[in-house]
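Here is data_3.pdb, consisting of PDB, C-alpha atoms:
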```pdb
ATOM      1  CA  MET A   1      -7.896 -14.359  -9.478  1.00  0.00           C
ATOM      2  CA  VAL A   2      -4.493 -15.176 -11.045  1.00  0.00           C
ATOM      3  CA  ARG A   3      -2.832 -12.621  -8.780  1.00  0.00           C
ATOM      4  CA  ILE A   4      -4.403 -14.196  -5.691  1.00  0.00           C
ATOM      5  CA  GLU A   5      -3.139 -17.632  -6.708  1.00  0.00           C
ATOM      6  CA  LEU A   6       0.400 -16.268  -6.940  1.00  0.00           C
ATOM      7  CA  PHE A   7       0.288 -14.970  -3.372  1.00  0.00           C
ATOM      8  CA  GLU A   8      -1.258 -18.225  -2.187  1.00  0.00           C
ATOM      9  CA  LYS A   9       1.558 -20.211  -3.765  1.00  0.00           C
ATOM     10  CA  TYR A  10       4.457 -17.925  -2.878  1.00  0.00           C
ATOM     11  CA  SER A  11       3.420 -16.528   0.521  1.00  0.00           C
ATOM     12  CA  LYS A  12       6.684 -17.720   2.077  1.00  0.00           C
ATOM     13  CA  GLU A  13       8.795 -16.065  -0.619  1.00  0.00           C
ATOM     14  CA  TYR A  14       6.764 -12.881  -0.206  1.00  0.00           C
ATOM     15  CA  ASP A  15       7.477 -12.748   3.516  1.00  0.00           C
ATOM     16  CA  GLU A  16      11.174 -13.502   3.002  1.00  0.00           C
ATOM     17  CA  TRP A  17      11.518 -10.419   0.770  1.00  0.00           C
ATOM     18  CA  PHE A  18      11.143  -8.169   3.823  1.00  0.00           C
ATOM     19  CA  ILE A  19      14.003  -9.983   5.553  1.00  0.00           C
ATOM     20  CA  LYS A  20      16.309  -9.877   2.539  1.00  0.00           C
ATOM     21  CA  ASN A  21      15.490  -6.222   1.832  1.00  0.00           C
ATOM     22  CA  ARG A  22      15.365  -4.976   5.404  1.00  0.00           C
ATOM     23  CA  ASP A  23      16.734  -1.510   4.553  1.00  0.00           C
ATOM     24  CA  ILE A  24      14.075  -0.812   1.923  1.00  0.00           C
ATOM     25  CA  TYR A  25      11.327  -2.215   4.140  1.00  0.00           C
ATOM     26  CA  SER A  26      12.447  -0.069   7.073  1.00  0.00           C
ATOM     27  CA  ALA A  27      12.552   3.069   4.919  1.00  0.00           C
ATOM     28  CA  GLU A  28       9.031   2.432   3.589  1.00  0.00           C
ATOM     29  CA  LEU A  29       7.677   1.663   7.057  1.00  0.00           C
ATOM     30  CA  ASN A  30       9.135   4.788   8.669  1.00  0.00           C
ATOM     31  CA  ALA A  31       7.881   7.037   5.877  1.00  0.00           C
ATOM     32  CA  ILE A  32       4.336   5.717   6.275  1.00  0.00           C
ATOM     33  CA  LYS A  33       4.534   5.972  10.059  1.00  0.00           C
ATOM     34  CA  SER A  34       5.410   9.671   9.766  1.00  0.00           C
ATOM     35  CA  LEU A  35       1.995  10.327   8.202  1.00  0.00           C
ATOM     36  CA  ILE A  36      -0.212   8.445  10.681  1.00  0.00           C
ATOM     37  CA  PRO A  37      -1.376  10.478  13.708  1.00  0.00           C
ATOM     38  CA  TYR A  38      -1.372   8.791  17.095  1.00  0.00           C
ATOM     39  CA  ASN A  39      -4.467   6.968  18.306  1.00  0.00           C
ATOM     40  CA  LYS A  40      -6.319   6.746  14.968  1.00  0.00           C
ATOM     41  CA  SER A  41      -8.217   3.627  13.902  1.00  0.00           C
ATOM     42  CA  GLY A  42      -7.256   2.301  10.508  1.00  0.00           C
ATOM     43  CA  VAL A  43      -7.588  -0.640   8.146  1.00  0.00           C
ATOM     44  CA  GLU A  44      -4.974  -1.954   5.736  1.00  0.00           C
ATOM     45  CA  ILE A  45      -6.267  -3.126   2.360  1.00  0.00           C
ATOM     46  CA  GLY A  46      -4.131  -5.985   1.069  1.00  0.00           C
ATOM     47  CA  VAL A  47      -2.718  -6.590   4.519  1.00  0.00           C
ATOM     48  CA  GLY A  48      -0.701  -9.591   3.313  1.00  0.00           C
ATOM     49  CA  THR A  49       1.284 -11.176   6.131  1.00  0.00           C
ATOM     50  CA  GLY A  50       0.930  -8.126   8.383  1.00  0.00           C
ATOM     51  CA  ARG A  51       4.400  -6.731   7.720  1.00  0.00           C
ATOM     52  CA  PHE A  52       3.091  -3.155   7.783  1.00  0.00           C
ATOM     53  CA  ALA A  53      -0.095  -3.387   9.836  1.00  0.00           C
ATOM     54  CA  LEU A  54       1.551  -4.910  12.895  1.00  0.00           C
ATOM     55  CA  PRO A  55       4.345  -2.341  13.464  1.00  0.00           C
ATOM     56  CA  LEU A  56       1.977   0.503  12.534  1.00  0.00           C
ATOM     57  CA  GLY A  57      -0.543  -0.556  15.165  1.00  0.00           C
ATOM     58  CA  ILE A  58      -3.272  -1.345  12.622  1.00  0.00           C
ATOM     59  CA  LYS A  59      -5.524  -4.039  14.035  1.00  0.00           C
ATOM     60  CA  VAL A  60      -7.836  -4.633  11.058  1.00  0.00           C
ATOM     61  CA  GLY A  61      -7.045  -5.767   7.523  1.00  0.00           C
ATOM     62  CA  VAL A  62      -8.581  -7.033   4.288  1.00  0.00           C
ATOM     63  CA  GLU A  63      -6.847  -9.741   2.264  1.00  0.00           C
ATOM     64  CA  PRO A  64      -8.020 -11.983  -0.618  1.00  0.00           C
ATOM     65  CA  SER A  65      -5.320 -14.642  -0.111  1.00  0.00           C
ATOM     66  CA  LYS A  66      -6.404 -17.332   2.349  1.00  0.00           C
ATOM     67  CA  ARG A  67      -2.805 -18.299   3.127  1.00  0.00           C
ATOM     68  CA  MET A  68      -1.754 -14.750   3.920  1.00  0.00           C
ATOM     69  CA  THR A  69      -4.925 -14.216   5.913  1.00  0.00           C
ATOM     70  CA  GLU A  70      -3.957 -17.165   8.115  1.00  0.00           C
ATOM     71  CA  ILE A  71      -0.485 -15.730   8.719  1.00  0.00           C
ATOM     72  CA  SER A  72      -1.810 -12.273   9.646  1.00  0.00           C
ATOM     73  CA  ARG A  73      -4.451 -13.699  11.963  1.00  0.00           C
ATOM     74  CA  LYS A  74      -1.784 -15.632  13.856  1.00  0.00           C
ATOM     75  CA  LYS A  75      -0.092 -12.286  14.490  1.00  0.00           C
ATOM     76  CA  GLY A  76      -3.248 -10.950  16.122  1.00  0.00           C
ATOM     77  CA  ILE A  77      -4.659  -8.918  13.229  1.00  0.00           C
ATOM     78  CA  LYS A  78      -8.394  -9.164  12.582  1.00  0.00           C
ATOM     79  CA  VAL A  79      -8.423 -10.001   8.878  1.00  0.00           C
ATOM     80  CA  TYR A  80     -11.472 -10.092   6.626  1.00  0.00           C
ATOM     81  CA  GLU A  81     -11.194 -12.119   3.431  1.00  0.00           C
ATOM     82  CA  GLY A  82     -12.183  -9.768   0.658  1.00  0.00           C
ATOM     83  CA  VAL A  83     -11.089  -7.407  -2.099  1.00  0.00           C
ATOM     84  CA  ALA A  84     -10.491  -3.671  -2.286  1.00  0.00           C
ATOM     85  CA  GLU A  85     -13.398  -3.146  -4.677  1.00  0.00           C
ATOM     86  CA  GLN A  86     -15.956  -4.492  -2.191  1.00  0.00           C
ATOM     87  CA  LEU A  87     -14.988  -3.797   1.408  1.00  0.00           C
ATOM     88  CA  PRO A  88     -16.925  -5.672   4.125  1.00  0.00           C
ATOM     89  CA  PHE A  89     -17.492  -2.615   6.321  1.00  0.00           C
ATOM     90  CA  ASN A  90     -20.224  -0.079   7.027  1.00  0.00           C
ATOM     91  CA  ASN A  91     -20.005   3.518   5.874  1.00  0.00           C
ATOM     92  CA  GLU A  92     -17.749   5.857   7.874  1.00  0.00           C
ATOM     93  CA  THR A  93     -16.037   3.178   9.974  1.00  0.00           C
ATOM     94  CA  PHE A  94     -12.332   4.141   9.964  1.00  0.00           C
ATOM     95  CA  ASP A  95     -10.130   7.197  10.537  1.00  0.00           C
ATOM     96  CA  PHE A  96      -7.818   6.085   7.728  1.00  0.00           C
ATOM     97  CA  VAL A  97      -7.429   3.461   5.024  1.00  0.00           C
ATOM     98  CA  LEU A  98      -3.945   2.224   4.074  1.00  0.00           C
ATOM     99  CA  PHE A  99      -2.767   0.686   0.800  1.00  0.00           C
ATOM    100  CA  VAL A 100       0.904  -0.401   0.714  1.00  0.00           C
ATOM    101  CA  THR A 101       2.241  -1.871  -2.555  1.00  0.00           C
ATOM    102  CA  THR A 102      -1.337  -3.020  -3.134  1.00  0.00           C
ATOM    103  CA  ILE A 103      -2.667  -0.754  -5.877  1.00  0.00           C
ATOM    104  CA  CYS A 104      -0.674  -2.545  -8.577  1.00  0.00           C
ATOM    105  CA  PHE A 105      -2.578  -5.764  -7.828  1.00  0.00           C
ATOM    106  CA  VAL A 106      -6.196  -4.565  -7.630  1.00  0.00           C
ATOM    107  CA  ASP A 107      -8.477  -5.082 -10.634  1.00  0.00           C
ATOM    108  CA  ASP A 108     -10.219  -1.696 -10.496  1.00  0.00           C
ATOM    109  CA  LEU A 109      -8.333   1.124  -8.786  1.00  0.00           C
ATOM    110  CA  THR A 110     -11.123   3.680  -9.170  1.00  0.00           C
ATOM    111  CA  LYS A 111     -13.629   1.365  -7.493  1.00  0.00           C
ATOM    112  CA  SER A 112     -11.077   0.569  -4.765  1.00  0.00           C
ATOM    113  CA  PHE A 113     -10.649   4.264  -3.924  1.00  0.00           C
ATOM    114  CA  GLU A 114     -14.423   4.789  -3.998  1.00  0.00           C
ATOM    115  CA  GLU A 115     -14.802   2.004  -1.443  1.00  0.00           C
ATOM    116  CA  ALA A 116     -12.059   3.521   0.701  1.00  0.00           C
ATOM    117  CA  HIS A 117     -13.904   6.837   0.561  1.00  0.00           C
ATOM    118  CA  ARG A 118     -17.138   5.141   1.633  1.00  0.00           C
ATOM    119  CA  VAL A 119     -15.709   3.455   4.755  1.00  0.00           C
ATOM    120  CA  LEU A 120     -13.811   6.549   5.903  1.00  0.00           C
ATOM    121  CA  LYS A 121     -15.194   8.859   8.556  1.00  0.00           C
ATOM    122  CA  THR A 122     -16.053  12.419   7.518  1.00  0.00           C
ATOM    123  CA  ASP A 123     -12.607  13.741   8.501  1.00  0.00           C
ATOM    124  CA  GLY A 124     -10.761  10.560   7.449  1.00  0.00           C
ATOM    125  CA  PHE A 125      -7.901  10.111   5.018  1.00  0.00           C
ATOM    126  CA  ILE A 126      -6.409   7.576   2.645  1.00  0.00           C
ATOM    127  CA  LEU A 127      -2.712   6.613   2.555  1.00  0.00           C
ATOM    128  CA  ILE A 128      -1.222   5.020  -0.550  1.00  0.00           C
ATOM    129  CA  GLY A 129       2.346   3.711  -0.497  1.00  0.00           C
ATOM    130  CA  PHE A 130       3.637   2.496  -3.858  1.00  0.00           C
ATOM    131  CA  VAL A 131       6.624   2.272  -6.167  1.00  0.00           C
ATOM    132  CA  ASP A 132       6.408   5.108  -8.690  1.00  0.00           C
ATOM    133  CA  LYS A 133       6.606   3.558 -12.162  1.00  0.00           C
ATOM    134  CA  GLU A 134       8.679   6.514 -13.366  1.00  0.00           C
ATOM    135  CA  SER A 135      11.297   6.051 -10.639  1.00  0.00           C
ATOM    136  CA  GLU A 136      14.562   4.132 -10.936  1.00  0.00           C
ATOM    137  CA  LEU A 137      13.192   1.149  -9.031  1.00  0.00           C
ATOM    138  CA  GLY A 138       9.854   1.295 -10.843  1.00  0.00           C
ATOM    139  CA  LYS A 139      11.567   1.102 -14.220  1.00  0.00           C
ATOM    140  CA  LYS A 140      13.698  -1.805 -13.001  1.00  0.00           C
ATOM    141  CA  TYR A 141      10.627  -3.751 -11.841  1.00  0.00           C
ATOM    142  CA  GLN A 142       8.931  -3.206 -15.170  1.00  0.00           C
ATOM    143  CA  LEU A 143      11.955  -4.388 -17.148  1.00  0.00           C
ATOM    144  CA  LYS A 144      12.189  -7.577 -15.098  1.00  0.00           C
ATOM    145  CA  ARG A 145       8.458  -8.194 -14.669  1.00  0.00           C
ATOM    146  CA  GLU A 146       8.401 -11.307 -16.879  1.00  0.00           C
ATOM    147  CA  LYS A 147      10.874 -13.008 -14.543  1.00  0.00           C
ATOM    148  CA  SER A 148       9.103 -11.914 -11.350  1.00  0.00           C
ATOM    149  CA  LYS A 149       6.687 -14.206  -9.494  1.00  0.00           C
ATOM    150  CA  PHE A 150       4.678 -11.249  -8.204  1.00  0.00           C
ATOM    151  CA  TYR A 151       5.041  -8.386 -10.678  1.00  0.00           C
ATOM    152  CA  LYS A 152       4.394 -10.283 -13.918  1.00  0.00           C
ATOM    153  CA  ASP A 153       0.707  -9.330 -13.888  1.00  0.00           C
ATOM    154  CA  ALA A 154       1.035  -6.102 -11.910  1.00  0.00           C
ATOM    155  CA  THR A 155      -0.181  -2.700 -13.137  1.00  0.00           C
ATOM    156  CA  PHE A 156       2.322  -0.001 -12.268  1.00  0.00           C
ATOM    157  CA  TYR A 157       1.231   3.608 -11.754  1.00  0.00           C
ATOM    158  CA  SER A 158       2.925   6.982 -11.834  1.00  0.00           C
ATOM    159  CA  VAL A 159       2.306   9.540  -9.104  1.00  0.00           C
ATOM    160  CA  LYS A 160       0.289  11.717 -11.481  1.00  0.00           C
ATOM    161  CA  GLU A 161      -1.953   8.781 -12.415  1.00  0.00           C
ATOM    162  CA  VAL A 162      -2.694   8.006  -8.769  1.00  0.00           C
ATOM    163  CA  ILE A 163      -3.384  11.671  -8.005  1.00  0.00           C
ATOM    164  CA  ASN A 164      -5.840  11.885 -10.906  1.00  0.00           C
ATOM    165  CA  ILE A 165      -7.782   8.851  -9.669  1.00  0.00           C
ATOM    166  CA  LEU A 166      -7.817  10.222  -6.123  1.00  0.00           C
ATOM    167  CA  ARG A 167      -9.293  13.502  -7.355  1.00  0.00           C
ATOM    168  CA  LYS A 168     -11.837  11.602  -9.447  1.00  0.00           C
ATOM    169  CA  THR A 169     -12.959   9.703  -6.325  1.00  0.00           C
ATOM    170  CA  ASN A 170     -13.393  12.833  -4.176  1.00  0.00           C
ATOM    171  CA  PHE A 171     -10.116  12.978  -2.300  1.00  0.00           C
ATOM    172  CA  GLY A 172      -8.152  16.188  -1.908  1.00  0.00           C
ATOM    173  CA  ASP A 173      -5.749  18.241   0.242  1.00  0.00           C
ATOM    174  CA  MET A 174      -2.893  15.892  -0.629  1.00  0.00           C
ATOM    175  CA  LEU A 175       0.447  15.531   1.131  1.00  0.00           C
ATOM    176  CA  ILE A 176       3.201  13.593  -0.660  1.00  0.00           C
ATOM    177  CA  LYS A 177       6.373  12.071   0.776  1.00  0.00           C
ATOM    178  CA  GLN A 178       9.131  10.034  -0.868  1.00  0.00           C
ATOM    179  CA  THR A 179      11.855   7.653   0.278  1.00  0.00           C
ATOM    180  CA  VAL A 180      14.111   4.799  -0.977  1.00  0.00           C
ATOM    181  CA  PHE A 181      16.658   6.954  -2.766  1.00  0.00           C
ATOM    182  CA  SER A 182      19.516   5.684  -4.893  1.00  0.00           C
ATOM    183  CA  SER A 183      23.031   6.100  -3.448  1.00  0.00           C
ATOM    184  CA  SER A 184      23.770   8.808  -6.024  1.00  0.00           C
ATOM    185  CA  ILE A 185      20.951  10.985  -4.641  1.00  0.00           C
ATOM    186  CA  GLY A 186      21.198  10.540  -0.881  1.00  0.00           C
ATOM    187  CA  ARG A 187      20.535   8.202   2.003  1.00  0.00           C
ATOM    188  CA  LEU A 188      18.197   5.375   1.077  1.00  0.00           C
ATOM    189  CA  ASP A 189      16.034   5.919   4.155  1.00  0.00           C
ATOM    190  CA  SER A 190      15.706   9.710   3.980  1.00  0.00           C
ATOM    191  CA  ILE A 191      12.161  11.072   3.904  1.00  0.00           C
ATOM    192  CA  GLU A 192      11.518  14.108   1.715  1.00  0.00           C
ATOM    193  CA  ASP A 193       8.487  16.044   0.530  1.00  0.00           C
ATOM    194  CA  SER A 194       7.046  15.714  -2.972  1.00  0.00           C
ATOM    195  CA  TYR A 195       8.148  13.076  -5.510  1.00  0.00           C
ATOM    196  CA  GLY A 196      10.478  12.552  -8.470  1.00  0.00           C
ATOM    197  CA  LYS A 197      13.640  11.374  -6.711  1.00  0.00           C
ATOM    198  CA  GLY A 198      12.592   8.611  -4.328  1.00  0.00           C
ATOM    199  CA  SER A 199      11.337   5.295  -5.679  1.00  0.00           C
ATOM    200  CA  PHE A 200       8.726   4.771  -2.955  1.00  0.00           C
ATOM    201  CA  VAL A 201       6.024   7.411  -2.708  1.00  0.00           C
ATOM    202  CA  ILE A 202       3.337   7.900  -0.054  1.00  0.00           C
ATOM    203  CA  ILE A 203       0.283  10.017  -0.806  1.00  0.00           C
ATOM    204  CA  LYS A 204      -1.976  11.136   2.016  1.00  0.00           C
ATOM    205  CA  ALA A 205      -5.310  12.519   0.823  1.00  0.00           C
ATOM    206  CA  ASN A 206      -8.288  13.703   2.849  1.00  0.00           C
ATOM    207  CA  LYS A 207     -11.864  12.638   2.240  1.00  0.00           C
ATOM    208  CA  LYS A 208     -13.912  15.474   0.753  1.00  0.00           C
TER
END
```

Could the structure of this file be written out as structure tokens, please?
Amino acid sequence: MVRIELFEKYSKEYDEWFIKNRDIYSAELNAIKSLIPYNKSGVEIGVGTGRFALPLGIKVGVEPSKRMTEISRKKGIKVYEGVAEQLPFNNETFDFVLFVTTICFVDDLTKSFEEAHRVLKTDGFILIGFVDKESELGKKYQLKREKSKFYKDATFYSVKEVINILRKTNFGDMLIKQTVFSSSIGRLDSIEDSYGKGSFVIIKANKK
């Protein structure tokens, strides 16, 4: 509940981050877009203010923050107030389920992935975009977490940790992309396979 209160209180500051960090936001958005097939129905869990759902063509979202729900609804997204651990949908409803920088704020990641699995169609897939805790940016966030409005109570994950939980919750056939590179490695907005160099990682895993 503490995490929800933070997003209620600082929804404006949250939205302004995407404006101030346009290059990072654009890199993350394009990397996710590269993994979503055309004409598939999806839902974003932790839709926030719709910064990803809207440009990705996702029309449905779940969000626990009332303030952020209001903002997303004004943008035309059908938002259900709820949490990742208890999704308000029937079994096998969506082609894909998207989590973007959301997994660090859920209370139970295993339960969240189990719920994603439940609402996915037989041939559906999950997409998780997150900052790898072992990356340059991930380490920076962790060092400064006490001074951060949003990351103070966040739980950061490594790629291997996320993969293990995905396997535990019956996801497989994984495809991994990375972006947001430091200037010493390459262009910030490049998209490469695998992980270990880019700070932002996207895992696509199919429902078993």

Centre and edge lengths of an axis-aligned box around all listed atoms of segment 50-65 of chain A, with 3 Å added on each side, are to be given in Å to one decimal, as lines of an AutoDock Vina configuration file.
```
center_x = -2.1
center_y = -7.1
center_z = 7.3
size_x = 19.0
size_y = 21.1
size_z = 21.8
```

Residue by residue, what does the PyMOL selection byres ((chain A and resi 57) around 12) grab here? Present the result as a ChimeraX atom specification.
/A:29,32-33,36-44,50-56,58-61,75-78,98

Determine the residue membership of the PyMOL selection byres ((chain A and resi 173) around 10) for the file above and supply it as a PyMOL selection string.
chain A and resi 125+167+171-172+174-175+204-208

So how far away is atom CA of Leu87 of chain A from atom CA of Glu115 of chain A, in Å?
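Spanning atom CA of Glu115 of chain A to atom CA of Leu87 of chain A is a straight-line distance of 6.5 Å.
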
Could you work out how far atom CA of Lys160 of chain A lies from atom CA of Glu85 of chain A, giving the answer in Å with one decimal?
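Between atom CA of Glu85 of chain A and atom CA of Lys160 of chain A the gap works out to 21.3 Å.
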
Within 8 Å of segment 128-141 of chain A using all atoms listed in the file, minus same-chain residues under 4 positions, as a compact mmCIF listing (two decimals) with C-alpha atoms, in the frame of the given file:
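Writing the result to part-v1.txt gives the following:
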```txt
# COMPACT_ATOMS: atom_id res chain seq x y z
CA GLU A 28 9.03 2.43 3.59
CA ILE A 32 4.34 5.72 6.28
CA LEU A 98 -3.94 2.22 4.07
CA PHE A 99 -2.77 0.69 0.80
CA VAL A 100 0.90 -0.40 0.71
CA THR A 101 2.24 -1.87 -2.56
CA THR A 102 -1.34 -3.02 -3.13
CA ILE A 103 -2.67 -0.75 -5.88
CA ARG A 145 8.46 -8.19 -14.67
CA TYR A 151 5.04 -8.39 -10.68
CA PHE A 156 2.32 0.00 -12.27
CA TYR A 157 1.23 3.61 -11.75
CA SER A 158 2.92 6.98 -11.83
CA VAL A 159 2.31 9.54 -9.10
CA SER A 182 19.52 5.68 -4.89
CA GLY A 196 10.48 12.55 -8.47
CA LYS A 197 13.64 11.37 -6.71
CA GLY A 198 12.59 8.61 -4.33
CA SER A 199 11.34 5.30 -5.68
CA PHE A 200 8.73 4.77 -2.96
CA VAL A 201 6.02 7.41 -2.71
CA ILE A 202 3.34 7.90 -0.05
CA ILE A 203 0.28 10.02 -0.81
CA LYS A 204 -1.98 11.14 2.02
```

For the provided coordinates, the residues matched by the PyMOL selection byres ((chain A and resi 188) around 9) should be stated as a list in words.
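Matching residues under the PyMOL selection byres ((chain A and resi 188) around 9) are Asp23, Ile24, Ala27, Thr179, Val180, Phe181, Ser182, Ser183, Ile185, Gly186, Arg187, Asp189, Ser190, Ile191 and Gly198 of chain A.
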
In the coordinates of the file, take the point (-19.6, 3.0, 6.9) and a cut-off of 10 Å; then, counting only C-alpha atoms, name each qualifying protein, DNA or RNA residue as a list in words.
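Answer for this query, in the requested form: Leu87, Pro88, Phe89, Asn90, Asn91, Glu92, Thr93, Phe94, Glu115, Ala116, His117, Arg118, Val119, Leu120 and Lys121 of chain A.
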
Looking at A:Tyr25, A:Lys111, A:Asp123, A:Ala31, which one is nearest to Asp193 of chain A, with distances taken over all atoms listed in the file?
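For Asp193 of chain A, the nearest of the candidates is A:Ala31.
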